[in-house]
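Here's data.cif, which has mmCIF, C-alpha atoms:
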```cif
data_target
loop_
_atom_site.label_atom_id
_atom_site.label_comp_id
_atom_site.auth_asym_id
_atom_site.auth_seq_id
_atom_site.Cartn_x
_atom_site.Cartn_y
_atom_site.Cartn_z
CA MET A 1 172.82 -106.17 105.35
CA GLN A 2 174.19 -106.71 101.88
CA ASN A 3 177.27 -108.41 103.30
CA ILE A 4 175.43 -110.99 105.37
CA LYS A 5 176.68 -114.47 104.55
CA TRP A 6 174.31 -117.38 103.97
CA SER A 7 175.58 -120.91 104.45
CA LYS A 8 174.54 -123.68 102.06
CA THR A 9 172.08 -125.06 104.64
CA GLU A 10 170.68 -121.58 105.30
CA LYS A 11 170.19 -120.97 101.61
CA LYS A 12 168.14 -124.15 101.42
CA ILE A 13 166.00 -123.16 104.42
CA ALA A 14 165.60 -119.62 103.08
CA ARG A 15 164.46 -120.83 99.67
CA GLN A 16 161.89 -123.19 101.19
CA ALA A 17 160.60 -120.46 103.52
CA PHE A 18 160.39 -117.99 100.65
CA ASP A 19 158.46 -120.43 98.46
CA LYS A 20 156.15 -121.37 101.32
CA ALA A 21 155.31 -117.71 101.98
CA HIS A 22 154.77 -117.08 98.28
CA GLU A 23 152.42 -120.04 97.99
CA ARG A 24 150.50 -118.93 101.10
CA GLU A 25 149.93 -115.49 99.64
CA MET A 26 149.00 -116.95 96.25
CA LYS A 27 146.48 -119.25 97.94
CA HIS A 28 144.98 -116.21 99.65
CA ILE A 29 144.76 -114.38 96.32
CA GLU A 30 143.07 -117.44 94.78
CA ASN A 31 140.54 -117.50 97.63
CA GLU A 32 139.82 -113.82 97.14
CA VAL A 33 139.14 -114.46 93.44
CA ARG A 34 136.72 -117.25 94.38
CA GLU A 35 135.01 -114.93 96.87
CA ILE A 36 134.52 -112.18 94.27
CA LEU A 37 133.05 -114.79 91.91
CA ASP A 38 130.78 -116.30 94.54
CA LYS A 39 129.49 -112.92 95.72
CA SER A 40 129.10 -111.49 92.24
CA GLU A 41 125.61 -110.42 91.28
CA ASP A 42 126.37 -109.71 87.66
CA VAL A 43 128.73 -110.76 84.89
CA TRP A 44 130.86 -107.60 85.13
CA SER A 45 132.59 -108.78 88.29
CA VAL A 46 135.20 -110.53 86.15
CA TRP A 47 136.64 -107.08 85.49
CA HIS A 48 136.89 -106.53 89.26
CA ILE A 49 138.86 -109.78 89.33
CA HIS A 50 141.05 -108.49 86.51
CA ASP A 51 141.72 -105.18 88.31
CA PHE A 52 142.42 -107.04 91.54
CA LEU A 53 144.85 -109.46 89.88
CA THR A 54 146.63 -106.68 87.99
CA LYS A 55 147.29 -104.97 91.34
CA LYS A 56 148.32 -108.18 93.08
CA ARG A 57 150.61 -109.29 90.27
CA LYS A 58 152.52 -106.01 90.36
CA GLU A 59 152.64 -106.11 94.15
CA THR A 60 153.87 -109.71 94.44
CA ASP A 61 156.35 -109.34 91.56
CA GLN A 62 158.01 -106.54 93.51
CA LYS A 63 157.70 -108.19 96.90
CA TYR A 64 159.04 -111.67 96.18
CA ASP A 65 162.58 -110.68 95.38
CA TYR A 66 164.94 -113.57 96.11
CA ARG A 67 168.29 -111.86 96.25
CA TYR A 68 170.43 -112.56 99.31
CA SER A 69 171.32 -108.86 99.48
CA VAL A 70 167.69 -107.95 100.26
CA LEU A 71 166.39 -111.20 101.75
CA ILE A 72 166.39 -110.06 105.40
CA THR A 73 164.15 -107.12 104.47
CA VAL A 74 161.95 -109.29 102.26
CA PHE A 75 161.52 -111.87 105.05
CA SER A 76 160.78 -109.12 107.57
CA ARG A 77 157.99 -107.78 105.41
CA LEU A 78 156.61 -111.27 104.80
CA CYS A 79 156.62 -111.91 108.55
CA ALA A 80 154.92 -108.58 109.24
CA GLU A 81 152.23 -109.40 106.69
CA GLY A 82 151.73 -112.90 108.03
CA TRP A 83 152.85 -114.84 104.94
CA LEU A 84 156.03 -116.08 106.62
CA LEU A 85 156.09 -117.66 110.08
CA LEU A 86 159.09 -117.66 112.35
CA GLU A 87 158.96 -121.45 112.45
CA ASP A 88 159.63 -121.46 108.68
CA LEU A 89 163.00 -119.83 109.42
CA LYS A 90 164.09 -122.46 111.93
CA GLY A 91 167.68 -123.40 111.23
CA LEU A 92 168.80 -119.94 110.18
CA ASP A 93 171.50 -118.18 112.14
CA GLU A 94 170.10 -116.55 115.34
CA ASP A 95 171.41 -113.15 114.31
CA LYS A 96 169.42 -113.26 111.08
CA ILE A 97 166.23 -114.29 112.89
CA GLU A 98 166.66 -111.45 115.38
CA ARG A 99 167.13 -108.92 112.61
CA ILE A 100 164.04 -110.24 110.82
CA GLN A 101 162.00 -110.07 114.03
CA THR A 102 163.17 -106.55 114.83
CA ILE A 103 162.50 -105.15 111.35
CA SER A 104 159.23 -107.05 111.13
CA LYS A 105 157.98 -105.45 114.35
CA MET A 106 159.02 -102.03 113.09
CA ILE A 107 157.02 -102.58 109.88
CA TYR A 108 154.06 -103.96 111.81
CA GLU A 109 153.95 -101.06 114.28
CA MET B 1 126.82 -98.51 55.79
CA GLN B 2 127.59 -95.33 57.62
CA ASN B 3 124.48 -93.69 56.22
CA ILE B 4 122.03 -96.34 57.34
CA LYS B 5 119.19 -94.76 59.32
CA TRP B 6 117.95 -96.23 62.57
CA SER B 7 114.44 -95.40 63.75
CA LYS B 8 113.76 -94.75 67.43
CA THR B 9 112.21 -98.24 67.81
CA GLU B 10 115.16 -99.85 66.02
CA LYS B 11 117.63 -98.05 68.24
CA LYS B 12 115.86 -99.49 71.28
CA ILE B 13 115.91 -103.03 69.82
CA ALA B 14 119.55 -102.63 68.76
CA ARG B 15 120.62 -101.47 72.22
CA GLN B 16 118.86 -104.39 73.91
CA ALA B 17 120.35 -106.88 71.44
CA PHE B 18 123.82 -105.40 71.90
CA ASP B 19 123.57 -105.58 75.70
CA LYS B 20 122.21 -109.12 75.58
CA ALA B 21 125.11 -110.29 73.38
CA HIS B 22 127.61 -108.54 75.62
CA GLU B 23 126.16 -110.17 78.73
CA ARG B 24 126.18 -113.59 77.03
CA GLU B 25 129.85 -113.27 76.19
CA MET B 26 130.66 -111.96 79.68
CA LYS B 27 128.84 -114.92 81.21
CA HIS B 28 130.93 -117.21 79.04
CA ILE B 29 134.13 -115.47 80.19
CA GLU B 30 132.99 -115.83 83.81
CA ASN B 31 132.40 -119.55 83.27
CA GLU B 32 135.84 -119.94 81.75
CA VAL B 33 137.37 -118.26 84.81
CA ARG B 34 135.49 -120.71 87.06
CA GLU B 35 136.71 -123.59 84.94
CA ILE B 36 140.36 -122.52 85.19
CA LEU B 37 139.92 -122.24 88.97
CA ASP B 38 138.19 -125.60 89.30
CA LYS B 39 140.74 -127.40 87.17
CA SER B 40 143.74 -125.69 88.74
CA GLU B 41 146.23 -127.94 90.40
CA ASP B 42 148.33 -125.20 91.94
CA VAL B 43 148.05 -121.63 93.15
CA TRP B 44 149.74 -120.15 90.08
CA SER B 45 146.67 -120.61 87.92
CA VAL B 46 145.43 -117.19 89.06
CA TRP B 47 148.03 -115.72 86.70
CA HIS B 48 146.55 -117.78 83.87
CA ILE B 49 143.24 -116.16 84.78
CA HIS B 50 144.92 -112.76 84.74
CA ASP B 51 146.46 -113.36 81.30
CA PHE B 52 143.15 -114.68 80.01
CA LEU B 53 141.19 -111.68 81.32
CA THR B 54 143.75 -109.19 79.99
CA LYS B 55 143.27 -110.69 76.53
CA LYS B 56 139.48 -110.84 76.82
CA ARG B 57 139.19 -107.29 78.13
CA LYS B 58 141.13 -105.89 75.22
CA GLU B 59 139.16 -108.03 72.79
CA THR B 60 135.71 -107.14 74.13
CA ASP B 61 136.58 -103.44 74.53
CA GLN B 62 137.31 -103.34 70.82
CA LYS B 63 134.44 -105.57 69.80
CA TYR B 64 131.54 -103.99 71.66
CA ASP B 65 131.52 -100.68 69.83
CA TYR B 66 128.04 -99.17 69.93
CA ARG B 67 128.20 -96.60 67.16
CA TYR B 68 125.42 -96.68 64.61
CA SER B 69 128.00 -96.15 61.85
CA VAL B 70 129.58 -99.56 62.59
CA LEU B 71 126.69 -101.41 64.21
CA ILE B 72 125.82 -103.61 61.23
CA THR B 73 129.39 -104.92 61.16
CA VAL B 74 129.48 -105.33 64.93
CA PHE B 75 126.19 -107.26 64.89
CA SER B 76 127.43 -109.43 62.02
CA ARG B 77 130.51 -110.41 63.97
CA LEU B 78 128.46 -111.07 67.12
CA CYS B 79 126.11 -113.30 65.10
CA ALA B 80 129.04 -115.14 63.52
CA GLU B 81 130.53 -115.75 66.95
CA GLY B 82 127.22 -116.87 68.41
CA TRP B 83 126.79 -114.08 70.98
CA LEU B 84 123.91 -112.52 69.10
CA LEU B 85 120.91 -114.48 67.81
CA LEU B 86 118.77 -113.44 64.88
CA GLU B 87 115.73 -113.50 67.14
CA ASP B 88 117.34 -110.72 69.21
CA LEU B 89 117.16 -108.51 66.13
CA LYS B 90 113.44 -109.06 65.55
CA GLY B 91 111.82 -105.72 64.78
CA LEU B 92 114.73 -104.29 62.84
CA ASP B 93 114.25 -103.35 59.22
CA GLU B 94 114.47 -106.41 56.91
CA ASP B 95 117.28 -104.82 54.91
CA LYS B 96 119.45 -104.50 58.02
CA ILE B 97 118.81 -108.10 59.04
CA GLU B 98 119.73 -109.31 55.56
CA ARG B 99 122.96 -107.33 55.59
CA ILE B 100 123.82 -108.72 59.02
CA GLN B 101 123.10 -112.29 57.88
CA THR B 102 125.14 -111.90 54.70
CA ILE B 103 128.19 -110.39 56.42
CA SER B 104 127.86 -112.85 59.30
CA LYS B 105 128.01 -115.79 56.89
CA MET B 106 131.04 -114.30 55.16
CA ILE B 107 132.82 -113.98 58.52
CA TYR B 108 131.76 -117.46 59.55
CA GLU B 109 132.93 -119.08 56.32
#
```
Give the structure from this file in structure tokens form.
Amino acid sequence: MQNIKWSKTEKKIARQAFDKAHEREMKHIENEVREILDKSEDVWSVWHIHDFLTKKRKETDQKYDYRYSVLITVFSRLCAEGWLLLEDLKGLDEDKIERIQTISKMIYE
Amino acid sequence: MQNIKWSKTEKKIARQAFDKAHEREMKHIENEVREILDKSEDVWSVWHIHDFLTKKRKETDQKYDYRYSVLITVFSRLCAEGWLLLEDLKGLDEDKIERIQTISKMIYE
């Protein structure tokens, strides 16, 4: 998949989709932080937040890798995890969307 | 100050004062986290929270050192920073309180 070509228009769509997915996941992380705070019964829960964010930062740093050579796999994972929707990819070449759907299903199952 | 003796009663008072100061500072850290969240204008502020907590965790881990050999210095710093109040130390030997006040003022100035 390293040799897949991305047109100028596709690159624009891909970047927007990538950023949208990233923001969705970040929003979810933010909500989880709020939930830990709201449910906390003592002051030590801030360290739970710290542990949680340390894990998430490492995870998202690895996951959100915007290199065209790995983008199909990245998008497939984001679809499988629900951060990216197929409608976000509208405008990409059909072959790319099919690959993403196929790999995404394989990850999901 | 390593040879300062602590009676059983003083140890109890010291432990309670130490825990109270620690909880006060933790509450303050928790409030700062809430403030960052409330003021945040985008989802990336969770990484500001992460950076902030990483710094605070390291700082408090070093600061809250409950060894009798260093406790006068620890209490002096906590007083200077406002986490410990002199009334929390009520019941300790006068000499200890004086030392704490003197060192605290030196730190504060």
Residue IDs satisfying the PyMOL selection byres ((chain A) within 6 of (chain B)), as a compact mmCIF listing (two decimals) with C-alpha atoms, in the frame of the given file:
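Result went into part00.txt, see below:
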```txt
# COMPACT_ATOMS: atom_id res chain seq x y z
CA MET A 26 149.00 -116.95 96.25
CA LYS A 27 146.48 -119.25 97.94
CA VAL A 43 128.73 -110.76 84.89
```
Using only C-alpha atoms, which residues sit within 12 Å of Asp95 of chain B once same-chain residues fewer than 3 positions away are excluded, as an MDAnalysis selection string? chainID B and resid 1 4:6 72 89 91:92 98:102
Could you write out as a ChimeraX atom specification the residues that the PyMOL selection byres ((chain A and resi 88) around 9) matches in the shown file? /A:13-14,16-18,20-21,84-87,89-91
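Pairwise distance (atom CA of Asn3 of chain A, atom CA of Glu109 of chain A) equals 26.8 Å.
When atom CA of Arg77 of chain A is paired with atom CA of Lys8 of chain A, their separation reads 23.2 Å.
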If the PyMOL selection byres ((chain B and resi 107) around 8) were run on this exact file, what residues would it hold? Put them as a list of chain:residue names. B:Ser76, B:Arg77, B:Ala80, B:Ile103, B:Ser104, B:Lys105, B:Met106, B:Tyr108, B:Glu109
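Atom CA of Lys63 of chain B lies 23.8 Å from atom CA of Ser40 of chain A.
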Quick one: 3 Å padding each side, axis-aligned, all listed atoms of segment 85-99 of chain A - centre and edge lengths in Å to one decimal, as AutoDock Vina command-line options?
```
--center_x 163.8 --center_y -116.2 --center_z 112.0 --size_x 21.4 --size_y 20.5 --size_z 12.7
```
With all heavy atoms as the goal, would you fill in the gaps in segment 17-28 of chain B and present it as a CSV table (one decimal), in the frame of the given file?
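Once written, selection.csv looks like this:
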```csv
chain,number,residue,atom,x,y,z
B,17,ALA,N,119.7,-105.7,72.1
B,17,ALA,CA,120.4,-106.9,71.4
B,17,ALA,C,121.8,-106.8,71.7
B,17,ALA,O,122.5,-107.8,72.1
B,17,ALA,CB,120.1,-106.9,69.9
B,18,PHE,N,122.4,-105.6,71.6
B,18,PHE,CA,123.8,-105.4,71.9
B,18,PHE,C,124.1,-105.8,73.3
B,18,PHE,O,125.1,-106.5,73.6
B,18,PHE,CB,124.1,-103.9,71.7
B,18,PHE,CG,125.5,-103.5,71.9
B,18,PHE,CD1,126.5,-103.5,70.8
B,18,PHE,CD2,126.0,-103.0,73.1
B,18,PHE,CE1,127.8,-103.1,71.0
B,18,PHE,CE2,127.3,-102.6,73.3
B,18,PHE,CZ,128.2,-102.7,72.3
B,19,ASP,N,123.3,-105.3,74.3
B,19,ASP,CA,123.6,-105.6,75.7
B,19,ASP,C,123.4,-107.1,76.0
B,19,ASP,O,124.2,-107.6,76.8
B,19,ASP,CB,122.6,-104.8,76.6
B,19,ASP,CG,122.9,-103.3,76.5
B,19,ASP,OD1,124.0,-102.9,76.1
B,19,ASP,OD2,122.1,-102.5,76.9
B,20,LYS,N,122.4,-107.7,75.4
B,20,LYS,CA,122.2,-109.1,75.6
B,20,LYS,C,123.4,-109.9,75.1
B,20,LYS,O,123.9,-110.8,75.8
B,20,LYS,CB,120.9,-109.5,74.8
B,20,LYS,CG,120.3,-110.8,75.4
B,20,LYS,CD,119.1,-111.2,74.6
B,20,LYS,CE,117.8,-110.7,75.2
B,20,LYS,NZ,116.6,-111.2,74.5
B,21,ALA,N,123.9,-109.6,73.9
B,21,ALA,CA,125.1,-110.3,73.4
B,21,ALA,C,126.3,-110.1,74.3
B,21,ALA,O,127.0,-111.0,74.6
B,21,ALA,CB,125.4,-109.8,72.0
B,22,HIS,N,126.5,-108.9,74.7
B,22,HIS,CA,127.6,-108.5,75.6
B,22,HIS,C,127.5,-109.4,76.9
B,22,HIS,O,128.5,-109.9,77.4
B,22,HIS,CB,127.6,-107.0,75.9
B,22,HIS,CG,129.0,-106.5,76.3
B,22,HIS,ND1,129.2,-105.2,76.5
B,22,HIS,CD2,130.1,-107.1,76.7
B,22,HIS,CE1,130.5,-105.0,76.8
B,22,HIS,NE2,131.0,-106.2,77.0
B,23,GLU,N,126.3,-109.4,77.5
B,23,GLU,CA,126.2,-110.2,78.7
B,23,GLU,C,126.4,-111.7,78.5
B,23,GLU,O,127.0,-112.3,79.3
B,23,GLU,CB,124.8,-109.9,79.3
B,23,GLU,CG,124.7,-108.6,80.0
B,23,GLU,CD,123.7,-108.7,81.2
B,23,GLU,OE1,123.5,-109.7,81.8
B,23,GLU,OE2,123.1,-107.6,81.5
B,24,ARG,N,125.9,-112.2,77.3
B,24,ARG,CA,126.2,-113.6,77.0
B,24,ARG,C,127.7,-113.9,77.0
B,24,ARG,O,128.2,-114.9,77.5
B,24,ARG,CB,125.6,-113.9,75.7
B,24,ARG,CG,124.2,-114.4,75.7
B,24,ARG,CD,123.7,-115.0,74.4
B,24,ARG,NE,122.3,-114.9,74.3
B,24,ARG,CZ,121.6,-114.1,73.4
B,24,ARG,NH1,122.3,-113.4,72.6
B,24,ARG,NH2,120.3,-114.1,73.4
B,25,GLU,N,128.4,-113.0,76.3
B,25,GLU,CA,129.8,-113.3,76.2
B,25,GLU,C,130.5,-113.1,77.6
B,25,GLU,O,131.4,-113.9,77.9
B,25,GLU,CB,130.5,-112.3,75.2
B,25,GLU,CG,132.0,-112.7,75.0
B,25,GLU,CD,132.7,-112.2,73.7
B,25,GLU,OE1,132.1,-111.4,73.0
B,25,GLU,OE2,133.8,-112.6,73.5
B,26,MET,N,130.1,-112.1,78.3
B,26,MET,CA,130.7,-112.0,79.7
B,26,MET,C,130.4,-113.2,80.6
B,26,MET,O,131.2,-113.6,81.3
B,26,MET,CB,130.1,-110.7,80.3
B,26,MET,CG,130.5,-109.4,79.7
B,26,MET,SD,132.3,-109.2,79.6
B,26,MET,CE,132.7,-109.1,81.4
B,27,LYS,N,129.2,-113.7,80.4
B,27,LYS,CA,128.8,-114.9,81.2
B,27,LYS,C,129.8,-116.1,80.8
B,27,LYS,O,130.2,-116.8,81.7
B,27,LYS,CB,127.4,-115.3,80.9
B,27,LYS,CG,126.8,-116.4,81.8
B,27,LYS,CD,126.6,-115.9,83.2
B,27,LYS,CE,126.5,-117.1,84.2
B,27,LYS,NZ,126.7,-116.7,85.6
B,28,HIS,N,130.0,-116.2,79.5
B,28,HIS,CA,130.9,-117.2,79.0
B,28,HIS,C,132.4,-117.0,79.6
B,28,HIS,O,133.0,-118.0,80.0
B,28,HIS,CB,131.0,-117.2,77.5
B,28,HIS,CG,131.7,-118.3,76.9
B,28,HIS,ND1,131.2,-119.6,76.8
B,28,HIS,CD2,133.0,-118.3,76.4
B,28,HIS,CE1,132.1,-120.3,76.2
B,28,HIS,NE2,133.2,-119.6,75.9
```
